[in-house]
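Structure file final34.tsv with TSV, C-alpha atoms:
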```tsv
chain	number	residue	atom	x	y	z
L	1	MET	CA	6.48	-22.00	-8.31
L	2	SER	CA	6.08	-21.97	-4.55
L	3	TRP	CA	6.57	-19.19	-2.02
L	4	ASP	CA	5.89	-21.43	0.97
L	5	ILE	CA	9.30	-23.09	1.19
L	6	GLU	CA	12.37	-22.89	3.36
L	7	LEU	CA	15.91	-23.16	2.09
L	8	ASP	CA	18.46	-25.13	4.03
L	9	ASP	CA	22.00	-23.89	4.64
L	10	GLN	CA	23.45	-25.70	1.61
L	11	LEU	CA	20.92	-24.20	-0.77
L	12	LEU	CA	21.53	-20.78	0.71
L	13	GLN	CA	25.31	-21.14	0.29
L	14	ASP	CA	24.84	-22.18	-3.34
L	15	LEU	CA	22.47	-19.29	-3.89
L	16	TYR	CA	24.87	-16.72	-2.42
L	17	ALA	CA	27.76	-18.16	-4.42
L	18	TRP	CA	25.67	-17.94	-7.61
L	19	ILE	CA	24.92	-14.26	-6.95
L	20	ASP	CA	28.64	-13.63	-6.42
L	21	THR	CA	29.35	-14.77	-9.99
L	22	ILE	CA	27.11	-12.01	-11.41
L	23	PRO	CA	28.48	-8.46	-11.71
L	24	LEU	CA	26.12	-6.00	-10.03
L	25	SER	CA	26.26	-2.22	-9.67
L	26	ARG	CA	26.40	-2.15	-5.85
L	27	PRO	CA	28.55	-3.94	-3.28
L	28	LYS	CA	26.91	-6.95	-1.71
L	29	LYS	CA	26.29	-6.33	2.00
L	30	HIS	CA	22.90	-7.39	3.33
L	31	ILE	CA	20.84	-9.34	0.85
L	32	GLU	CA	17.44	-8.20	2.16
L	33	LYS	CA	18.42	-4.53	1.80
L	34	ASP	CA	20.45	-4.99	-1.40
L	35	PHE	CA	17.52	-6.45	-3.34
L	36	SER	CA	14.69	-4.57	-1.61
L	37	ASP	CA	14.26	-1.92	-4.33
L	38	GLY	CA	14.34	-4.40	-7.24
L	39	VAL	CA	17.28	-2.72	-9.00
L	40	MET	CA	19.77	-5.54	-8.44
L	41	ALA	CA	17.11	-8.10	-9.38
L	42	ALA	CA	16.68	-6.27	-12.70
L	43	GLU	CA	20.46	-6.23	-13.20
L	44	LEU	CA	20.68	-9.93	-12.43
L	45	ILE	CA	18.08	-10.78	-15.09
L	46	LYS	CA	19.71	-8.39	-17.58
L	47	HIS	CA	22.98	-10.31	-17.13
L	48	TYR	CA	21.32	-13.37	-18.69
L	49	PHE	CA	18.78	-11.65	-20.95
L	50	PRO	CA	20.17	-8.22	-21.92
L	51	SER	CA	17.31	-7.34	-24.27
L	52	TRP	CA	14.63	-8.02	-21.66
L	53	VAL	CA	15.55	-5.33	-19.16
L	54	ASP	CA	16.17	-1.59	-19.40
L	55	THR	CA	17.81	-0.83	-16.08
L	56	HIS	CA	17.19	2.90	-16.51
L	57	ASN	CA	13.55	2.21	-15.68
L	58	TYR	CA	14.46	1.03	-12.18
L	59	VAL	CA	15.28	3.74	-9.67
L	60	ALA	CA	17.38	3.02	-6.60
L	61	SER	CA	15.41	4.21	-3.59
L	62	ASN	CA	14.79	3.86	0.12
L	63	SER	CA	11.12	4.77	-0.37
L	64	THR	CA	8.74	1.84	-0.02
L	65	GLN	CA	6.48	3.38	-2.64
L	66	GLN	CA	9.27	3.61	-5.23
L	67	LYS	CA	10.42	0.09	-4.37
L	68	LEU	CA	6.91	-1.21	-5.03
L	69	ILE	CA	6.87	0.65	-8.35
L	70	ASN	CA	10.15	-1.02	-9.36
L	71	TRP	CA	8.97	-4.49	-8.39
L	72	GLY	CA	5.60	-3.95	-10.03
L	73	LEU	CA	7.32	-2.98	-13.30
L	74	LEU	CA	9.67	-5.95	-13.08
L	75	ASN	CA	6.72	-8.23	-12.36
L	76	ARG	CA	4.66	-6.99	-15.33
L	77	LYS	CA	7.36	-6.52	-17.95
L	78	VAL	CA	10.04	-9.12	-17.23
L	79	LEU	CA	9.10	-11.86	-14.78
L	80	CYS	CA	6.01	-12.72	-16.82
L	81	LYS	CA	8.41	-13.97	-19.52
L	82	PHE	CA	9.52	-16.61	-17.01
L	83	ASP	CA	5.88	-17.33	-16.22
L	84	MET	CA	6.56	-15.89	-12.77
L	85	ASN	CA	4.18	-13.70	-10.83
L	86	ILE	CA	5.10	-12.26	-7.45
L	87	PRO	CA	2.05	-11.82	-5.18
L	88	GLU	CA	1.57	-8.30	-3.90
L	89	GLN	CA	2.13	-9.32	-0.28
L	90	VAL	CA	5.46	-10.94	-1.24
L	91	MET	CA	6.57	-7.82	-3.14
L	92	ARG	CA	5.71	-5.67	-0.13
L	93	GLY	CA	7.54	-8.09	2.16
L	94	ILE	CA	10.68	-7.92	0.00
L	95	CYS	CA	10.48	-4.10	-0.04
L	96	LEU	CA	10.25	-4.10	3.76
L	97	GLY	CA	13.21	-6.47	4.09
L	98	ARG	CA	11.35	-9.49	5.48
L	99	ALA	CA	13.83	-12.29	6.19
L	100	ARG	CA	14.11	-15.11	3.65
L	101	LEU	CA	11.60	-13.70	1.13
L	102	VAL	CA	14.24	-12.39	-1.26
L	103	GLU	CA	16.13	-15.70	-1.08
L	104	ILE	CA	12.96	-17.57	-1.99
L	105	PHE	CA	12.43	-15.19	-4.91
L	106	LEU	CA	16.03	-15.62	-6.10
L	107	TYR	CA	15.79	-19.39	-5.70
L	108	ASN	CA	12.68	-19.48	-7.91
L	109	LEU	CA	14.24	-17.04	-10.36
L	110	ARG	CA	17.40	-19.13	-10.61
L	111	ASN	CA	15.35	-22.22	-11.42
L	112	ARG	CA	13.55	-20.35	-14.21
L	113	ILE	CA	16.84	-19.02	-15.56
L	114	ASP	CA	18.26	-22.55	-15.50
L	115	GLU	CA	15.30	-23.74	-17.57
L	116	SER	CA	15.63	-20.87	-20.06
L	117	HIS	CA	19.41	-20.56	-20.13
L	118	PRO	CA	20.94	-23.99	-19.35
L	119	GLN	CA	24.25	-23.47	-21.19
L	120	GLN	CA	25.01	-20.20	-19.44
L	121	ASN	CA	24.06	-21.82	-16.13
L	122	ARG	CA	26.53	-24.67	-16.63
L	123	MET	CA	29.30	-22.15	-17.31
L	124	ASN	CA	28.39	-20.20	-14.17
L	125	GLU	CA	28.36	-23.39	-12.10
L	126	SER	CA	31.82	-24.27	-13.40
L	127	ASN	CA	33.13	-20.80	-12.56
L	128	MET	CA	31.40	-20.95	-9.20
L	129	ASN	CA	33.03	-24.25	-8.28
L	130	THR	CA	36.45	-22.90	-9.31
L	131	SER	CA	35.96	-19.69	-7.34
L	132	ARG	CA	34.95	-21.70	-4.26
L	133	GLN	CA	38.30	-23.47	-4.32
L	134	ARG	CA	40.34	-20.27	-4.83
L	135	ARG	CA	38.65	-17.44	-3.06
L	136	SER	CA	39.51	-16.25	0.42
L	137	PRO	CA	37.96	-14.69	2.45
L	138	PRO	CA	34.46	-16.00	1.74
L	139	SER	CA	31.76	-13.89	0.13
L	140	GLN	CA	29.56	-11.53	2.13
L	141	TYR	CA	26.61	-13.74	1.22
L	142	ASP	CA	28.37	-17.02	2.05
L	143	GLN	CA	27.80	-16.51	5.75
L	144	PRO	CA	24.20	-15.56	6.49
L	145	SER	CA	23.71	-12.40	8.49
L	146	PRO	CA	22.35	-12.69	12.06
L	147	ALA	CA	18.90	-12.15	10.64
L	148	TYR	CA	19.28	-15.41	8.69
L	149	GLN	CA	20.52	-17.52	11.59
L	150	ARG	CA	17.72	-19.37	13.34
L	151	ASN	CA	17.58	-22.55	15.37
L	152	GLU	CA	15.00	-24.28	13.18
L	153	PRO	CA	14.66	-28.03	12.54
L	154	LYS	CA	16.04	-29.14	9.19
L	155	ASN	CA	13.29	-31.52	8.13
L	156	THR	CA	14.47	-31.55	4.52
L	157	GLY	CA	12.48	-33.36	1.88
L	158	TYR	CA	12.90	-33.90	-1.88
L	159	GLY	CA	15.12	-31.28	-3.46
L	160	GLY	CA	16.88	-30.50	-0.20
L	161	HIS	CA	14.44	-27.86	1.03
L	162	VAL	CA	12.07	-27.93	3.94
L	163	ALA	CA	8.57	-29.02	3.13
L	164	LYS	CA	6.79	-27.06	5.83
L	165	LYS	CA	5.69	-23.45	5.44
L	166	SER	CA	8.31	-20.86	6.24
L	167	THR	CA	7.93	-18.82	9.37
L	168	SER	CA	8.47	-15.62	7.41
L	169	MET	CA	5.55	-16.41	5.09
L	170	GLN	CA	3.33	-17.25	8.04
L	171	ASN	CA	4.20	-13.95	9.69
L	172	LEU	CA	3.60	-12.15	6.41
L	173	THR	CA	0.22	-13.83	5.97
L	174	THR	CA	-0.77	-12.82	9.50
L	175	GLU	CA	0.34	-9.29	8.78
L	176	MET	CA	-1.71	-9.18	5.57
L	177	VAL	CA	-4.80	-10.48	7.40
L	178	ASN	CA	-4.35	-7.78	10.03
L	179	ARG	CA	-3.88	-5.19	7.30
L	180	ALA	CA	-7.00	-6.38	5.49
L	181	HIS	CA	-8.97	-6.15	8.74
L	182	TYR	CA	-7.58	-2.67	9.32
L	183	ASN	CA	-8.49	-1.58	5.77
L	184	GLU	CA	-12.01	-2.94	6.23
L	185	LYS	CA	-12.47	-0.98	9.47
L	186	GLU	CA	-10.99	2.11	7.87
L	187	GLN	CA	-13.49	1.90	5.01
L	188	GLU	CA	-16.32	1.52	7.53
L	189	CYS	CA	-15.11	4.64	9.37
L	190	GLN	CA	-14.92	6.56	6.10
L	191	ALA	CA	-18.47	5.52	5.23
L	192	LYS	CA	-19.69	6.63	8.67
L	193	ASP	CA	-17.84	9.92	8.31
L	194	GLN	CA	-19.62	10.51	5.01
L	195	GLN	CA	-22.98	9.74	6.63
L	196	ILE	CA	-22.18	12.17	9.44
L	197	GLN	CA	-21.30	14.88	6.92
L	198	VAL	CA	-24.60	14.33	5.10
L	199	LEU	CA	-26.54	14.51	8.37
L	200	GLN	CA	-24.66	17.63	9.43
L	201	ALA	CA	-25.54	19.26	6.10
L	202	LYS	CA	-29.21	18.39	6.65
L	203	VAL	CA	-29.11	19.82	10.19
L	204	HIS	CA	-27.51	23.01	8.87
L	205	ARG	CA	-30.22	23.33	6.23
L	206	LEU	CA	-32.98	22.82	8.81
L	207	GLU	CA	-31.42	25.45	11.05
L	208	GLN	CA	-31.44	27.88	8.13
L	209	LEU	CA	-35.12	27.13	7.48
L	210	LEU	CA	-35.93	27.67	11.16
L	211	ARG	CA	-34.16	31.02	11.12
L	212	LEU	CA	-36.10	32.04	8.01
L	213	LYS	CA	-39.36	31.00	9.67
L	214	ASP	CA	-38.47	33.00	12.78
L	215	VAL	CA	-37.84	36.06	10.64
L	216	ARG	CA	-41.14	35.54	8.82
L	217	VAL	CA	-43.03	35.12	12.08
L	218	ASP	CA	-41.47	38.29	13.49
L	219	ASP	CA	-42.39	40.18	10.31
L	220	LEU	CA	-45.98	38.99	10.43
L	221	SER	CA	-46.19	39.83	14.13
L	222	ASP	CA	-45.01	43.39	13.43
L	223	LYS	CA	-47.55	43.79	10.65
L	224	LEU	CA	-50.34	42.47	12.88
L	225	GLU	CA	-49.39	44.91	15.63
L	226	GLN	CA	-49.33	47.78	13.17
L	227	SER	CA	-52.77	46.80	11.86
L	228	ARG	CA	-54.17	46.73	15.40
L	229	ASN	CA	-52.73	50.13	16.21
L	230	PHE	CA	-54.11	51.59	13.01
L	231	ALA	CA	-57.57	50.15	13.63
L	232	GLY	CA	-57.59	51.42	17.21
L	233	GLY	CA	-56.57	54.95	16.24
L	234	HIS	CA	-59.15	55.19	13.45
L	235	GLY	CA	-61.95	54.05	15.77
L	236	GLY	CA	-61.05	56.70	18.37
L	237	ARG	CA	-61.24	59.51	15.83
L	238	SER	CA	-64.72	58.35	14.66
L	239	ASN	CA	-66.09	58.41	18.20
L	240	ARG	CA	-64.76	61.92	18.84
L	241	GLN	CA	-66.29	63.15	15.58
L	242	GLN	CA	-69.71	61.75	16.51
L	243	TYR	CA	-69.56	63.37	19.99
L	244	THR	CA	-68.71	66.73	18.44
L	245	ASN	CA	-71.67	66.53	16.03
L	246	VAL	CA	-74.08	65.64	18.81
L	247	SER	CA	-72.89	68.57	20.93
L	248	MET	CA	-73.27	71.03	18.13
L	249	ASN	CA	-76.82	69.80	17.34
L	250	GLY	CA	-77.79	70.21	20.98
L	251	ARG	CA	-76.71	73.78	21.05
L	252	LYS	CA	-78.87	74.61	18.11
```
Encoding of this model in structure tokens:
Amino acid sequence: MSWDIELDDQLLQDLYAWIDTIPLSRPKKHIEKDFSDGVMAAELIKHYFPSWVDTHNYVASNSTQQKLINWGLLNRKVLCKFDMNIPEQVMRGICLGRARLVEIFLYNLRNRIDESHPQQNRMNESNMNTSRQRRSPPSQYDQPSPAYQRNEPKNTGYGGHVAKKSTSMQNLTTEMVNRAHYNEKEQECQAKDQQIQVLQAKVHRLEQLLRLKDVRVDDLSDKLEQSRNFAGGHGGRSNRQQYTNVSMNGRK
């Protein structure tokens, strides 16, 4: 399974027509937004494999965090049965509505469903061909939205899809590299912040010790001054006593 592919207009038309044959809980408007929370992807798989998916576990949401939770659950519990694994950066890209990522996912999913459910797929293809002849106006997904329309060369190879890497995947890879660099710098800043906090705690402790030493020095200085005053006063009294004794002896 490859995520580095581009789908030409014919493959996209077939893909949109295939989705139109599957009953889903929400109207089909913009495919990137419709499938961004993973709910419609879960419903699509449940259409073919009812026992595999409990749609109550998937919550419709505009929150990127909840979307990632839905896709993570779908990835772990359901897609693994197809031997599919969506890389984290692809899941995030789908949640953020990156152009073409959801189509690539659905293209890969359809191939795995075809391998696991060939009879049902042939019936859907027959219905799809009939509906193409009858329906009017065309499906919402038959005509790509402006976000889909690009002036890109159609260098199609085997299988009808472009062999070169898709621009959306290249942009996503660049974004993930930038994010990884940002996360690395953020971790470095957090480590430095922790070091600063440790140093600040040490400085605070040293300041406390200095204050205690200042108090001790002041206390000792007071005691020394008191001792000097006491010694000086006691010496003065002794001298006066001796002078008094001498005077009294002289008089005798």
Worksheet item: For Gly38 (chain L), which residue out of L:Val217, L:Cys95, L:Leu224, L:Leu101 is the nearest one, using all atoms listed in the file?
Response: L:Cys95
Find the residues of region 58-106 of chain L that sit at most 12 Å from region 10-17 of chain L; for each, write down the nearest two atoms and how far apart they are in Å, to one decimal. Count all atoms listed in the file. Sort by chain, then by number going up, and give it as a tab-separated table.
```
residue	atom	partner	partner_atom	distance
L:Arg100	CA	L:Leu12	CA	9.8
L:Val102	CA	L:Leu15	CA	11.1
L:Glu103	CA	L:Leu12	CA	7.6
L:Ile104	CA	L:Leu12	CA	9.5
L:Phe105	CA	L:Leu15	CA	10.9
L:Leu106	CA	L:Leu15	CA	7.7
```
Response to the item:
One decimal place gives the CA of Glu6 (chain L)-CA of His30 (chain L) separation as 18.7 Å
Worksheet item: Using all atoms listed in the file, which residue out of L:Ala201, L:Leu68, L:Cys189, L:Leu206 lies closest to Gln89 (chain L)?
Response: L:Leu68
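Nearest-residue note for Trp52 (chain L): choosing from L:Leu7, L:Ser36, L:Leu24, L:Lys81, the minimum distance belongs to L:Lys81, counting only C-alpha atoms.
Nearest-residue note for Asp114 (chain L): choosing from L:Ile45, L:Val198, L:Val39, L:Ile5, the minimum distance belongs to L:Ile45, counting all atoms listed in the file.
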